[in-house]
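The data block below is input_3.cif; it holds mmCIF, C-alpha atoms.
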data_my_file
#
loop_
_atom_site.label_atom_id
_atom_site.label_comp_id
_atom_site.auth_asym_id
_atom_site.auth_seq_id
_atom_site.Cartn_x
_atom_site.Cartn_y
_atom_site.Cartn_z
CA MET Y 29 0.00 0.00 0.00
CA LYS Y 30 1.32 3.41 -0.91
CA PHE Y 31 -0.25 5.67 1.65
CA VAL Y 32 2.54 6.47 4.08
CA ASP Y 33 6.16 6.64 2.85
CA GLU Y 34 5.43 8.98 -0.06
CA PHE Y 35 3.88 11.46 2.35
CA ARG Y 36 6.94 11.53 4.62
CA ASP Y 37 9.52 12.32 1.95
CA ALA Y 38 12.08 14.72 3.44
CA GLU Y 39 13.09 16.37 0.14
CA LEU Y 40 9.50 17.08 -0.80
CA GLY Y 41 8.97 18.44 2.71
CA GLN Y 42 11.88 20.86 2.29
CA ALA Y 43 10.51 21.92 -1.10
CA LEU Y 44 7.07 22.60 0.41
CA ALA Y 45 8.70 24.58 3.22
CA GLY Y 46 10.38 26.73 0.54
CA GLU Y 47 7.06 27.32 -1.18
CA ILE Y 48 5.47 28.26 2.14
CA LEU Y 49 8.26 30.78 2.72
CA ALA Y 50 7.61 32.23 -0.73
CA ALA Y 51 3.85 32.47 -0.08
CA VAL Y 52 4.02 34.56 3.10
CA GLU Y 53 4.28 38.33 3.17
CA PRO Y 54 7.17 39.57 5.33
CA GLY Y 55 5.89 41.55 8.28
CA ARG Y 56 2.48 39.90 8.32
CA GLU Y 57 1.67 37.52 11.18
CA TYR Y 58 -0.27 34.36 10.30
CA LYS Y 59 -2.20 32.25 12.79
CA VAL Y 60 -3.61 28.98 11.50
CA MET Y 61 -5.53 26.58 13.73
CA GLU Y 62 -5.33 22.84 13.27
CA VAL Y 63 -8.67 21.72 14.62
CA CYS Y 64 -7.83 18.07 15.06
CA GLY Y 65 -5.72 16.49 17.80
CA GLY Y 66 -4.32 14.04 15.27
CA HIS Y 67 -2.81 16.97 13.37
CA THR Y 68 -1.35 18.39 16.57
CA HIS Y 69 0.32 15.06 17.25
CA SER Y 70 1.76 14.85 13.71
CA ILE Y 71 3.02 18.44 13.81
CA TYR Y 72 5.17 17.73 16.86
CA LYS Y 73 6.09 14.17 15.98
CA TYR Y 74 7.55 15.28 12.64
CA GLY Y 75 8.79 18.72 13.70
CA ILE Y 76 6.64 20.45 11.10
CA ASP Y 77 6.58 23.78 12.88
CA ASP Y 78 10.38 23.90 12.72
CA LEU Y 79 10.08 24.12 8.94
CA LEU Y 80 7.81 27.15 9.06
CA PRO Y 81 8.72 30.84 8.82
CA ALA Y 82 8.76 32.66 12.17
CA ASN Y 83 5.65 34.65 11.27
CA VAL Y 84 3.51 31.52 10.72
CA GLU Y 85 2.05 30.21 13.97
CA LEU Y 86 0.10 27.00 14.34
CA VAL Y 87 -2.62 27.20 16.98
CA HIS Y 88 -3.95 23.98 18.46
CA GLY Y 89 -7.69 23.57 18.45
CA PRO Y 90 -10.27 21.64 20.47
CA GLY Y 91 -10.23 18.49 18.36
CA CYS Y 92 -9.13 15.98 20.98
CA PRO Y 93 -12.23 14.15 22.19
CA VAL Y 94 -10.64 13.23 25.51
CA CYS Y 95 -9.54 16.79 26.22
CA VAL Y 96 -13.00 18.29 25.88
CA ILE Y 97 -14.83 15.93 28.26
CA PRO Y 98 -15.75 17.84 31.44
CA MET Y 99 -15.04 16.41 34.87
CA GLY Y 100 -18.71 15.85 35.69
CA ARG Y 101 -19.07 13.40 32.82
CA VAL Y 102 -16.02 11.49 34.06
CA ASP Y 103 -17.61 11.32 37.52
CA ASP Y 104 -20.78 9.90 35.96
CA ALA Y 105 -18.73 7.20 34.20
CA ILE Y 106 -16.89 6.29 37.40
CA ALA Y 107 -20.19 6.01 39.29
CA VAL Y 108 -21.48 3.50 36.72
CA ALA Y 109 -18.17 1.58 36.78
CA HIS Y 110 -18.63 1.07 40.53
CA GLU Y 111 -22.15 -0.39 40.13
CA ALA Y 112 -22.32 -4.03 41.21
CA GLY Y 113 -22.03 -6.49 38.33
CA VAL Y 114 -20.98 -3.90 35.75
CA ILE Y 115 -18.19 -4.48 33.26
CA PHE Y 116 -17.15 -0.98 32.21
CA THR Y 117 -15.43 -0.65 28.84
CA CYS Y 118 -13.72 2.36 27.25
CA PHE Y 119 -10.88 3.44 25.00
CA GLY Y 120 -7.44 3.51 26.63
CA ASP Y 121 -7.16 7.28 26.85
CA MET Y 122 -10.20 7.67 29.07
CA LEU Y 123 -8.71 5.62 31.89
CA ARG Y 124 -6.49 8.38 33.22
CA VAL Y 125 -8.75 11.36 32.71
CA PRO Y 126 -9.25 12.90 36.15
CA GLY Y 127 -12.71 13.27 37.60
CA SER Y 128 -13.32 15.20 40.79
CA ASP Y 129 -12.27 12.21 42.89
CA GLY Y 130 -9.94 10.03 40.86
CA THR Y 131 -9.89 8.34 37.48
CA LEU Y 132 -11.35 5.20 35.94
CA LEU Y 133 -7.94 3.65 36.54
CA ASP Y 134 -8.34 4.43 40.25
CA ALA Y 135 -11.81 2.87 40.11
CA LYS Y 136 -10.27 -0.25 38.56
CA ALA Y 137 -7.65 -0.35 41.32
CA ALA Y 138 -10.46 -0.09 43.86
CA GLY Y 139 -12.15 -3.17 42.43
CA ALA Y 140 -14.34 -1.95 39.57
CA ASP Y 141 -14.19 -4.14 36.45
CA VAL Y 142 -12.89 -1.58 33.93
CA ARG Y 143 -11.59 -2.90 30.62
CA ILE Y 144 -9.94 -1.26 27.61
CA VAL Y 145 -11.40 -1.94 24.19
CA TYR Y 146 -10.19 -0.94 20.74
CA SER Y 147 -13.70 -0.69 19.33
CA PRO Y 148 -17.26 -0.67 20.71
CA LEU Y 149 -17.70 -3.96 18.85
CA ASP Y 150 -15.24 -5.48 21.33
CA ALA Y 151 -17.49 -4.28 24.16
CA LEU Y 152 -20.49 -5.93 22.50
CA ARG Y 153 -18.53 -9.17 22.21
CA ILE Y 154 -17.84 -9.03 25.95
CA ALA Y 155 -21.57 -8.51 26.60
CA LYS Y 156 -22.45 -11.58 24.55
CA ALA Y 157 -19.80 -13.63 26.36
CA GLU Y 158 -20.97 -12.44 29.80
CA PRO Y 159 -24.78 -12.50 29.64
CA GLY Y 160 -25.09 -12.34 33.41
CA ARG Y 161 -23.27 -9.00 33.66
CA GLU Y 162 -24.16 -5.49 32.52
CA VAL Y 163 -21.60 -4.24 29.98
CA VAL Y 164 -21.36 -0.47 29.54
CA PHE Y 165 -19.33 1.24 26.83
CA LEU Y 166 -18.16 4.81 27.36
CA ALA Y 167 -18.46 6.33 23.90
CA ILE Y 168 -16.30 9.34 23.06
CA GLY Y 169 -15.15 10.90 19.82
CA PHE Y 170 -16.12 13.12 16.94
CA GLU Y 171 -17.95 12.13 13.77
CA THR Y 172 -15.10 9.76 12.89
CA THR Y 173 -15.81 7.52 15.87
CA ALA Y 174 -19.57 7.96 16.22
CA PRO Y 175 -20.40 5.61 13.29
CA SER Y 176 -18.57 2.82 15.09
CA THR Y 177 -20.79 3.28 18.15
CA ALA Y 178 -23.89 3.62 15.96
CA LEU Y 179 -23.21 0.38 14.08
CA THR Y 180 -22.54 -1.41 17.38
CA LEU Y 181 -25.86 -0.19 18.78
CA LYS Y 182 -27.67 -1.33 15.64
CA ARG Y 183 -26.01 -4.72 15.96
CA ALA Y 184 -26.86 -4.94 19.68
CA ARG Y 185 -30.51 -4.21 18.95
CA ALA Y 186 -30.69 -6.57 15.98
CA GLU Y 187 -29.04 -9.40 17.91
CA GLY Y 188 -31.01 -8.67 21.08
CA VAL Y 189 -28.19 -8.15 23.56
CA PRO Y 190 -30.07 -6.83 26.61
CA ASN Y 191 -27.05 -6.43 28.89
CA PHE Y 192 -25.24 -3.90 26.67
CA SER Y 193 -25.55 -0.14 26.95
CA VAL Y 194 -23.67 3.03 26.03
CA ILE Y 195 -22.84 6.28 27.81
CA CYS Y 196 -22.78 8.62 24.85
CA ASN Y 197 -20.27 11.48 24.86
CA HIS Y 198 -19.95 11.84 21.11
CA VAL Y 199 -19.44 15.41 20.02
CA THR Y 200 -19.62 17.22 16.70
CA ILE Y 201 -16.86 19.39 15.30
CA LEU Y 202 -18.69 22.29 13.68
CA PRO Y 203 -20.32 23.95 16.76
CA PRO Y 204 -17.02 24.41 18.65
CA ILE Y 205 -15.40 25.89 15.54
CA ARG Y 206 -18.29 28.32 15.36
CA ALA Y 207 -17.89 29.09 19.07
CA LEU Y 208 -14.18 29.77 18.56
CA LEU Y 209 -14.90 32.07 15.64
CA GLU Y 210 -17.36 34.00 17.81
CA SER Y 211 -14.81 34.26 20.62
CA PRO Y 212 -13.57 37.84 21.00
CA ASP Y 213 -10.12 36.87 22.32
CA LEU Y 214 -9.06 34.82 19.33
CA ARG Y 215 -7.68 36.00 16.01
CA LEU Y 216 -7.19 33.34 13.36
CA ASP Y 217 -6.36 33.53 9.66
CA GLY Y 218 -7.45 30.06 8.62
CA PHE Y 219 -8.06 26.45 9.55
CA ILE Y 220 -6.52 23.09 8.77
CA GLY Y 221 -9.68 20.98 8.66
CA PRO Y 222 -10.05 17.53 10.26
CA GLY Y 223 -9.39 14.92 7.59
CA HIS Y 224 -11.05 11.88 9.07
CA VAL Y 225 -14.11 13.70 10.39
CA ALA Y 226 -14.49 14.85 6.80
CA THR Y 227 -14.51 11.25 5.51
CA ILE Y 228 -17.88 11.06 7.28
CA VAL Y 229 -19.34 14.58 6.98
CA GLY Y 230 -17.56 15.57 3.77
CA ALA Y 231 -15.92 18.90 2.99
CA ARG Y 232 -19.21 20.68 2.23
CA PRO Y 233 -20.40 21.39 5.84
CA PHE Y 234 -17.30 23.52 6.49
CA GLY Y 235 -18.50 26.03 3.90
CA PHE Y 236 -19.93 28.42 6.50
CA ILE Y 237 -16.41 29.17 7.77
CA PRO Y 238 -15.29 31.05 4.63
CA ALA Y 239 -18.81 32.19 3.75
CA ARG Y 240 -19.78 33.68 7.09
CA TYR Y 241 -16.49 34.28 8.89
CA GLY Y 242 -14.17 34.94 5.97
CA LYS Y 243 -11.59 32.31 6.94
CA PRO Y 244 -10.19 29.72 4.53
CA LEU Y 245 -10.26 26.05 5.54
CA VAL Y 246 -8.32 23.21 3.93
CA VAL Y 247 -9.27 19.64 4.83
CA ALA Y 248 -5.98 17.82 5.37
CA GLY Y 249 -4.51 14.37 5.85
CA PHE Y 250 -2.24 13.45 8.72
CA GLU Y 251 1.13 12.79 7.15
CA PRO Y 252 3.74 15.55 7.29
CA LEU Y 253 3.46 16.42 3.60
CA ASP Y 254 -0.34 16.55 3.92
CA ILE Y 255 -0.09 19.16 6.66
CA LEU Y 256 2.58 21.22 4.89
CA GLN Y 257 0.61 21.19 1.64
CA ALA Y 258 -2.61 22.18 3.43
CA LEU Y 259 -0.81 25.06 5.09
CA LEU Y 260 0.58 26.17 1.74
CA MET Y 261 -2.93 26.07 0.25
CA ILE Y 262 -4.24 28.27 3.09
CA LEU Y 263 -1.37 30.75 2.73
CA ARG Y 264 -1.90 30.95 -1.03
CA GLN Y 265 -5.61 31.66 -0.50
CA LEU Y 266 -4.65 34.48 1.87
CA ARG Y 267 -2.05 35.82 -0.58
CA ASP Y 268 -4.44 35.68 -3.53
CA GLY Y 269 -7.39 37.13 -1.63
CA ARG Y 270 -9.40 33.93 -1.99
CA CYS Y 271 -11.45 32.38 0.80
CA GLU Y 272 -12.93 28.94 0.35
CA VAL Y 273 -12.97 25.31 1.48
CA GLU Y 274 -10.37 23.19 -0.28
CA ASN Y 275 -9.75 19.49 0.05
CA GLN Y 276 -6.09 18.54 0.27
CA TYR Y 277 -7.07 15.02 1.40
CA ALA Y 278 -9.02 14.19 -1.76
CA ARG Y 279 -7.44 10.75 -1.95
CA VAL Y 280 -9.60 9.83 1.04
CA VAL Y 281 -12.27 12.50 1.60
CA PRO Y 282 -15.27 12.66 -0.74
CA HIS Y 283 -16.85 16.11 -0.98
CA GLU Y 284 -20.24 14.80 0.19
CA GLY Y 285 -18.81 12.51 2.89
CA ASN Y 286 -20.01 9.00 3.61
CA LEU Y 287 -23.77 9.13 3.03
CA ARG Y 288 -24.40 5.68 4.48
CA ALA Y 289 -22.57 6.67 7.68
CA LEU Y 290 -24.59 9.88 7.95
CA GLU Y 291 -27.78 7.89 7.52
CA VAL Y 292 -26.78 5.49 10.32
CA LEU Y 293 -25.83 8.39 12.58
CA SER Y 294 -29.18 10.09 12.09
CA GLU Y 295 -31.01 6.84 12.79
CA VAL Y 296 -29.21 6.04 16.04
CA PHE Y 297 -28.43 9.47 17.47
CA GLU Y 298 -30.07 12.83 17.94
CA LEU Y 299 -28.51 16.16 18.87
CA ARG Y 300 -28.45 17.12 22.53
CA PRO Y 301 -29.88 20.61 23.08
CA HIS Y 302 -26.59 21.59 24.75
CA PHE Y 303 -23.42 19.94 26.00
CA GLU Y 304 -20.61 21.16 28.22
CA TRP Y 305 -17.14 21.29 26.65
CA ARG Y 306 -14.14 21.61 28.88
CA GLY Y 307 -12.75 25.09 28.49
CA LEU Y 308 -15.43 26.20 26.07
CA GLY Y 309 -18.49 25.93 28.30
CA PHE Y 310 -21.95 24.89 27.10
CA ILE Y 311 -22.35 24.78 23.33
CA SER Y 312 -25.80 24.18 21.90
CA GLN Y 313 -26.40 21.22 19.59
CA SER Y 314 -22.78 20.14 19.82
CA ALA Y 315 -23.14 16.56 21.04
CA LEU Y 316 -25.10 13.39 20.38
CA ARG Y 317 -27.35 11.22 22.50
CA LEU Y 318 -29.21 8.02 21.67
CA SER Y 319 -32.48 8.51 19.82
CA ASP Y 320 -35.72 7.27 21.37
CA ALA Y 321 -35.59 4.16 19.19
CA TYR Y 322 -32.38 3.18 20.99
CA ALA Y 323 -33.39 4.37 24.46
CA GLY Y 324 -33.24 0.80 25.78
CA LEU Y 325 -29.49 0.77 25.15
CA ASP Y 326 -28.85 4.16 26.76
CA ALA Y 327 -26.83 3.75 29.96
CA GLU Y 328 -27.85 7.26 31.03
CA ARG Y 329 -31.44 5.98 31.28
CA ARG Y 330 -30.48 2.57 32.69
CA PHE Y 331 -28.21 3.71 35.52
CA SER Y 332 -28.40 6.41 38.12
CA MET Y 333 -25.61 8.97 37.67
CA PRO Y 334 -24.63 11.98 39.78
CA GLY Y 335 -24.96 14.35 36.80
CA VAL Y 336 -23.22 17.09 38.75
CA ARG Y 337 -21.35 19.86 36.97
CA VAL Y 338 -17.80 20.11 38.35
CA ALA Y 339 -15.52 23.11 37.86
CA ASP Y 340 -12.03 22.45 36.49
CA PRO Y 341 -9.08 22.74 38.91
CA LYS Y 342 -8.16 26.40 39.30
CA ALA Y 343 -4.52 25.88 38.34
CA CYS Y 344 -5.50 24.21 35.08
CA GLN Y 345 -5.57 26.39 31.95
CA CYS Y 346 -6.81 23.72 29.53
CA GLY Y 347 -9.60 26.08 28.48
CA GLU Y 348 -7.19 28.70 27.20
CA VAL Y 349 -5.04 26.02 25.57
CA LEU Y 350 -8.06 24.49 23.83
CA LYS Y 351 -9.04 27.91 22.50
CA GLY Y 352 -5.48 28.53 21.34
CA VAL Y 353 -5.24 31.66 23.51
CA ILE Y 354 -2.10 30.42 25.26
CA LYS Y 355 0.57 27.93 24.29
CA PRO Y 356 0.82 24.87 26.53
CA PHE Y 357 4.14 25.96 28.05
CA GLU Y 358 2.53 29.23 29.14
CA CYS Y 359 0.23 27.35 31.55
CA LYS Y 360 1.32 27.80 35.15
CA VAL Y 361 1.47 24.08 35.90
CA PHE Y 362 2.77 22.76 32.56
CA GLY Y 363 5.64 20.34 33.05
CA THR Y 364 5.79 20.90 36.80
CA ALA Y 365 2.63 19.89 38.66
CA CYS Y 366 1.02 18.71 35.41
CA THR Y 367 2.85 16.01 33.44
CA PRO Y 368 1.63 12.99 31.45
CA GLU Y 369 2.35 10.80 34.49
CA HIS Y 370 0.38 13.06 36.85
CA ALA Y 371 -1.96 15.06 34.67
CA ILE Y 372 -4.11 17.80 36.15
CA GLY Y 373 -5.72 18.79 32.89
CA THR Y 374 -7.08 16.67 30.07
CA CYS Y 375 -4.79 18.28 27.48
CA MET Y 376 -1.92 16.47 29.22
CA VAL Y 377 -3.74 13.14 29.54
CA SER Y 378 -4.31 12.30 25.92
CA PRO Y 379 -1.34 12.04 23.54
CA GLU Y 380 -3.47 14.09 21.13
CA GLY Y 381 -3.77 16.88 23.69
CA ALA Y 382 -1.65 19.91 22.85
CA CYS Y 383 0.11 19.83 26.24
CA ALA Y 384 1.07 16.16 25.96
CA ALA Y 385 2.28 16.70 22.40
CA TYR Y 386 4.48 19.60 23.57
CA TYR Y 387 5.75 17.62 26.54
CA ASN Y 388 6.37 14.30 24.78
CA TYR Y 389 8.27 15.82 21.86
CA GLY Y 390 10.68 17.89 23.91
CA ARG Y 391 9.14 21.32 23.54
CA LEU Y 392 9.30 21.96 27.28
CA ALA Y 393 12.92 23.11 27.51
CA ARG Y 394 13.15 24.86 24.15
CA GLU Y 395 10.00 26.93 24.46
CA ARG Y 396 10.96 28.01 27.97
CA GLU Y 397 14.23 29.32 26.57
CA LEU Y 398 12.30 31.40 24.08
CA VAL Y 399 10.03 32.97 26.70
CA MET A 221 3.07 6.88 27.34
CA THR A 222 -0.59 7.00 28.08
CA PHE A 223 -1.89 3.82 29.63
CA GLY A 224 -3.57 1.55 27.15
CA CYS A 225 -2.19 3.29 24.09
CA PRO A 226 0.44 1.79 21.79
CA PRO A 227 4.16 2.51 22.18
CA GLY A 228 4.90 6.00 20.95
CA GLY A 229 1.94 7.32 22.86
CA HIS A 230 -0.48 7.72 19.98
CA CYS A 231 -4.07 6.60 20.46
CA VAL A 232 -5.59 5.82 17.08
CA THR A 233 -9.09 6.04 18.46
CA CYS A 234 -8.83 9.38 20.16
CA GLY A 235 -6.64 11.02 17.56
CA ASP A 236 -9.15 11.02 14.72
CA ASP A 237 -6.62 8.62 13.28
CA ALA A 238 -7.31 5.82 10.85
CA THR A 239 -5.28 2.96 9.44
CA ALA A 240 -5.17 1.71 5.87
CA MET A 241 -5.92 -2.04 5.98
CA ARG A 242 -6.17 -4.73 3.30
CA VAL A 243 -9.18 -7.01 3.15
CA LEU A 244 -8.23 -10.69 3.55
CA ARG A 245 -11.64 -12.34 3.88
CA VAL A 246 -15.24 -11.15 3.80
CA ASP A 247 -18.17 -12.47 5.84
CA ASP A 248 -21.06 -10.93 3.91
CA GLY A 249 -23.68 -12.50 6.14
CA ARG A 250 -22.42 -10.65 9.21
CA GLY A 251 -21.15 -7.53 7.43
CA LEU A 252 -17.61 -8.13 8.67
CA ALA A 253 -14.21 -8.55 7.05
CA LEU A 254 -10.88 -9.85 8.29
CA CYS A 255 -8.30 -7.18 7.47
CA SER A 256 -4.56 -6.78 7.85
CA ASP A 257 -2.69 -3.56 8.62
CA PRO A 258 0.75 -2.77 7.08
CA GLU A 259 2.48 -4.45 10.06
CA GLY A 260 0.54 -7.65 9.46
CA THR A 261 -1.81 -7.37 12.44
CA HIS A 262 -5.19 -8.91 11.68
CA ARG A 263 -8.45 -7.40 12.87
CA THR A 264 -12.15 -7.98 12.28
CA VAL A 265 -13.63 -4.87 10.69
CA GLU A 266 -17.22 -3.72 10.19
CA ILE A 267 -17.73 -3.02 6.46
CA GLU A 268 -21.33 -1.82 6.31
CA LEU A 269 -20.36 1.78 5.56
CA VAL A 270 -18.19 1.11 2.51
CA GLY A 271 -20.38 -1.10 0.36
CA PRO A 272 -19.23 -4.33 -1.20
CA VAL A 273 -15.53 -5.07 -0.74
CA GLY A 274 -13.50 -8.06 -1.77
CA ARG A 275 -10.21 -9.73 -0.99
CA GLY A 276 -7.31 -7.40 -1.82
CA ASP A 277 -9.29 -4.15 -1.46
CA ASP A 278 -7.85 -1.44 0.77
CA VAL A 279 -10.01 0.34 3.33
CA LEU A 280 -9.40 3.06 5.89
CA VAL A 281 -10.30 1.75 9.35
CA HIS A 282 -11.10 3.67 12.53
CA ALA A 283 -12.27 2.06 15.78
CA GLY A 284 -13.07 -1.22 14.08
CA VAL A 285 -15.09 0.30 11.23
CA ALA A 286 -14.06 0.79 7.59
CA LEU A 287 -14.87 4.44 6.84
CA VAL A 288 -13.87 4.66 3.21
CA ARG A 289 -12.57 2.48 0.42
CA LEU A 290 -9.14 3.55 -0.82
#
In structure tokens, how does this file's structure come out?
Amino acid sequence: MKFVDEFRDAELGQALAGEILAAVEPGREYKVMEVCGGHTHSIYKYGIDDLLPANVELVHGPGCPVCVIPMGRVDDAIAVAHEAGVIFTCFGDMLRVPGSDGTLLDAKAAGADVRIVYSPLDALRIAKAEPGREVVFLAIGFETTAPSTALTLKRARAEGVPNFSVICNHVTILPPIRALLESPDLRLDGFIGPGHVATIVGARPFGFIPARYGKPLVVAGFEPLDILQALLMILRQLRDGRCEVENQYARVVPHEGNLRALEVLSEVFELRPHFEWRGLGFISQSALRLSDAYAGLDAERRFSMPGVRVADPKACQCGEVLKGVIKPFECKVFGTACTPEHAIGTCMVSPEGACAAYYNYGRLARERELV
Amino acid sequence: MTFGCPPGGHCVTCGDDATAMRVLRVDDGRGLALCSDPEGTHRTVEIELVGPVGRGDDVLVHAGVALVRL
């Protein structure tokens, strides 16, 4: 398969960096937000920002599904995990996300049966193998991951698996982008759009960003050359006075998205009237819950949960980091009280979080020198 | 490294990440396919969203579901 090596070619990367340098106007400052946590990870893993001119700044957006989950929702999950007879399943990242009194990993250490799964289908398999136990799956993720949960719920209903249910924390990418664009403390020149979300929703729904807010967006893949090329496309739009949605990731992303996936999503889920995002507050119609047809598989209706809103720790500045207002190293506790081993904020818990990406790829010392 | 994530600290599920996999065998009745990633790891993948696929086709997989045919 030719999908990786060609997009990591160092010579082509240097050539793109040269074109980027040629596309920027000296003296003008550029701020481009990569919405997706996967892009943030790639940017630091491959040192992409080191190839950029000094006046081009990449701002990290809210596209890490772990980072945006508020503490109250984690507390709800932990409460269910402690219920007698429950097998609690989730993706690996969620285990160490702090609630107000510990993590799911702490709950596991205290005796709760918490298991990591790669896919919700794995959780359904556990439910079928353990018919005497309640199996709960903690669903997180953007539109990329939601179809996986939706198909699992359809399968659970079709196969009649009564001991399986889902706590739905799926979120949608467009409302937080809109919230960021409305935010008075943020100035952005353009967006690198989330490539794999776009495989589901397509490139078309991002059209309001140039149309209403006058910012270009380029849907991009996740290899280093993808990101450099997308950035070049944004900078050329700015140079030429154009403002539109472009699709750099056309080898994967169809303009209309995956219509079958969208159909399944609309069958299984409905929009919540509002949902709390860590650092961004409540955003209307920004998250999914199970539709009435799937209410029997909704863990929020099956189990009693505290449902209490919990404020983030005062020292934590994840909110500002998620909005791109401050860089991770500018947070008061970055790299000292808050590290990947002992995370205070969610941006340090997930490898896709901006803080963890900075920390893991050695930005701690260098950026401090620059301050 | 984050607990539960692969070495290198990258969580494919949380990172909006997807892996190109090759279809080895299709179970049409159950809507599943056995696929292999570039490292040779085999995984059962849901194929309902990508339409008919056959042995040798490449698909992009996220959280156990093929999202698009490559």
| Distance query 6 Å from (-13.1, -8.5, -0.4) using only C-alpha atoms, result as a list in words |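 Every polymer residue passing the test: Val243, Arg245, Val246, Val273, Gly274, Arg275 and Asp277 of chain A.
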Once 8 Å is added on each side, what are the centre and the three edge lengths, in Å to one decimal, of the axis-aligned box enclosing the listed atoms of stretch 250-266 of chain A? Present them as JSON.
{"center_x": -10.0, "center_y": -6.7, "center_z": 10.0, "size_x": 40.9, "size_y": 23.9, "size_z": 21.8}
| query | Hey, can you pull every residue with an atom no more than 12 Å from (-23.5, 9.0, 14.2), using all atoms listed in the file, and send it as a ChimeraX atom specification? | reply | /Y:167-182,196-200,225,228-229,286-299,315-319 /A:269
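Shortest atom-to-atom contact with chain A among Y:Phe234, Y:Trp305, Y:Phe250, Y:Phe357: Y:Phe250, counting all atoms listed in the file.
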| query | Between atom CA of Y:His67 and atom CA of Y:Asn388, what is the spacing in Å? | reply | 14.9 Å
| query | When the PyMOL selection byres ((chain Y) within 7 of (chain A)) is applied to the file above, which residues end up in the set, as a count of residues only? | reply | 22
| field | Residues returned when the PyMOL selection byres ((chain Y and resi 329) around 12) runs on this file, as a PyMOL selection string | value | chain Y and resi 108+193-196+317-320+322-328+330-333+335
Selected residues written out with C-alpha atoms, as an mmCIF file, in the coordinates of the input:
data_model
loop_
_atom_site.group_PDB
_atom_site.id
_atom_site.type_symbol
_atom_site.label_atom_id
_atom_site.label_comp_id
_atom_site.auth_asym_id
_atom_site.auth_seq_id
_atom_site.Cartn_x
_atom_site.Cartn_y
_atom_site.Cartn_z
ATOM 1 C CA VAL Y 108 -21.480 3.500 36.720
ATOM 2 C CA SER Y 193 -25.550 -0.140 26.950
ATOM 3 C CA VAL Y 194 -23.670 3.030 26.030
ATOM 4 C CA ILE Y 195 -22.840 6.280 27.810
ATOM 5 C CA CYS Y 196 -22.780 8.620 24.850
ATOM 6 C CA ARG Y 317 -27.350 11.220 22.500
ATOM 7 C CA LEU Y 318 -29.210 8.020 21.670
ATOM 8 C CA SER Y 319 -32.480 8.510 19.820
ATOM 9 C CA ASP Y 320 -35.720 7.270 21.370
ATOM 10 C CA TYR Y 322 -32.380 3.180 20.990
ATOM 11 C CA ALA Y 323 -33.390 4.370 24.460
ATOM 12 C CA GLY Y 324 -33.240 0.800 25.780
ATOM 13 C CA LEU Y 325 -29.490 0.770 25.150
ATOM 14 C CA ASP Y 326 -28.850 4.160 26.760
ATOM 15 C CA ALA Y 327 -26.830 3.750 29.960
ATOM 16 C CA GLU Y 328 -27.850 7.260 31.030
ATOM 17 C CA ARG Y 330 -30.480 2.570 32.690
ATOM 18 C CA PHE Y 331 -28.210 3.710 35.520
ATOM 19 C CA SER Y 332 -28.400 6.410 38.120
ATOM 20 C CA MET Y 333 -25.610 8.970 37.670
ATOM 21 C CA GLY Y 335 -24.960 14.350 36.800
#
| task | Choose the residue, out of Y:Glu34, Y:Glu358, Y:Glu304, Y:Glu111, that has the smallest atom-to-atom separation from Y:Pro98; count only C-alpha atoms. | result |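 With only C-alpha atoms as the atom set, the closest residue is Y:Glu304.
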| What does the distance between atom CA of Y:Val377 and atom CA of Y:Pro204 come to in Å, to one decimal place? | 20.5 Å
| said: Taking 3 positions as the minimum chain separation for residues in the same chain, which residues sit within 7 Å of Y:Glu284 when counting only C-alpha atoms? Answer as a list in words. | reply: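 Answer for this query is Val229, Gly230, Ala231 and Arg232 of chain Y.
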Write the selection just made, keeping C-alpha atoms, as a short mmCIF file (atom, residue, chain, number, x, y, z; two decimals), in the coordinates of the input?
data_model
loop_
_atom_site.label_atom_id
_atom_site.label_comp_id
_atom_site.auth_asym_id
_atom_site.auth_seq_id
_atom_site.Cartn_x
_atom_site.Cartn_y
_atom_site.Cartn_z
CA VAL Y 229 -19.34 14.58 6.98
CA GLY Y 230 -17.56 15.57 3.77
CA ALA Y 231 -15.92 18.90 2.99
CA ARG Y 232 -19.21 20.68 2.23
#
| query | Just so the selection is clear, what residues does the PyMOL selection byres ((chain Y and resi 303) around 8) cover here, as a VMD selection string? | reply | chain Y and resid 300 to 302 304 to 305 310 to 315
| atom CA of Y:Ser70 to atom CA of Y:Phe219, straight-line distance in Å |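 Between these atoms lies a distance of 15.8 Å.
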Residue contacts of Y:Tyr72 (10 Å, only C-alpha atoms) excluding same-chain residues fewer than 6 positions away, as an mmCIF file with C-alpha atoms, in the coordinates of the input:
data_model
loop_
_atom_site.group_PDB
_atom_site.id
_atom_site.type_symbol
_atom_site.label_atom_id
_atom_site.label_comp_id
_atom_site.auth_asym_id
_atom_site.auth_seq_id
_atom_site.Cartn_x
_atom_site.Cartn_y
_atom_site.Cartn_z
ATOM 1 C CA ASP Y 78 10.380 23.900 12.720
ATOM 2 C CA PRO Y 252 3.740 15.550 7.290
ATOM 3 C CA ALA Y 382 -1.650 19.910 22.850
ATOM 4 C CA ALA Y 385 2.280 16.700 22.400
ATOM 5 C CA TYR Y 386 4.480 19.600 23.570
ATOM 6 C CA TYR Y 387 5.750 17.620 26.540
ATOM 7 C CA ASN Y 388 6.370 14.300 24.780
ATOM 8 C CA TYR Y 389 8.270 15.820 21.860
ATOM 9 C CA GLY Y 390 10.680 17.890 23.910
ATOM 10 C CA ARG Y 391 9.140 21.320 23.540
#
| Near-Y:Thr117 list (12 Å; all atoms listed in the file; drop same-chain fewer than 5 positions) as a ChimeraX atom specification | /Y:105-106,108-109,122-123,132-133,136,140-155,162-168,192-195
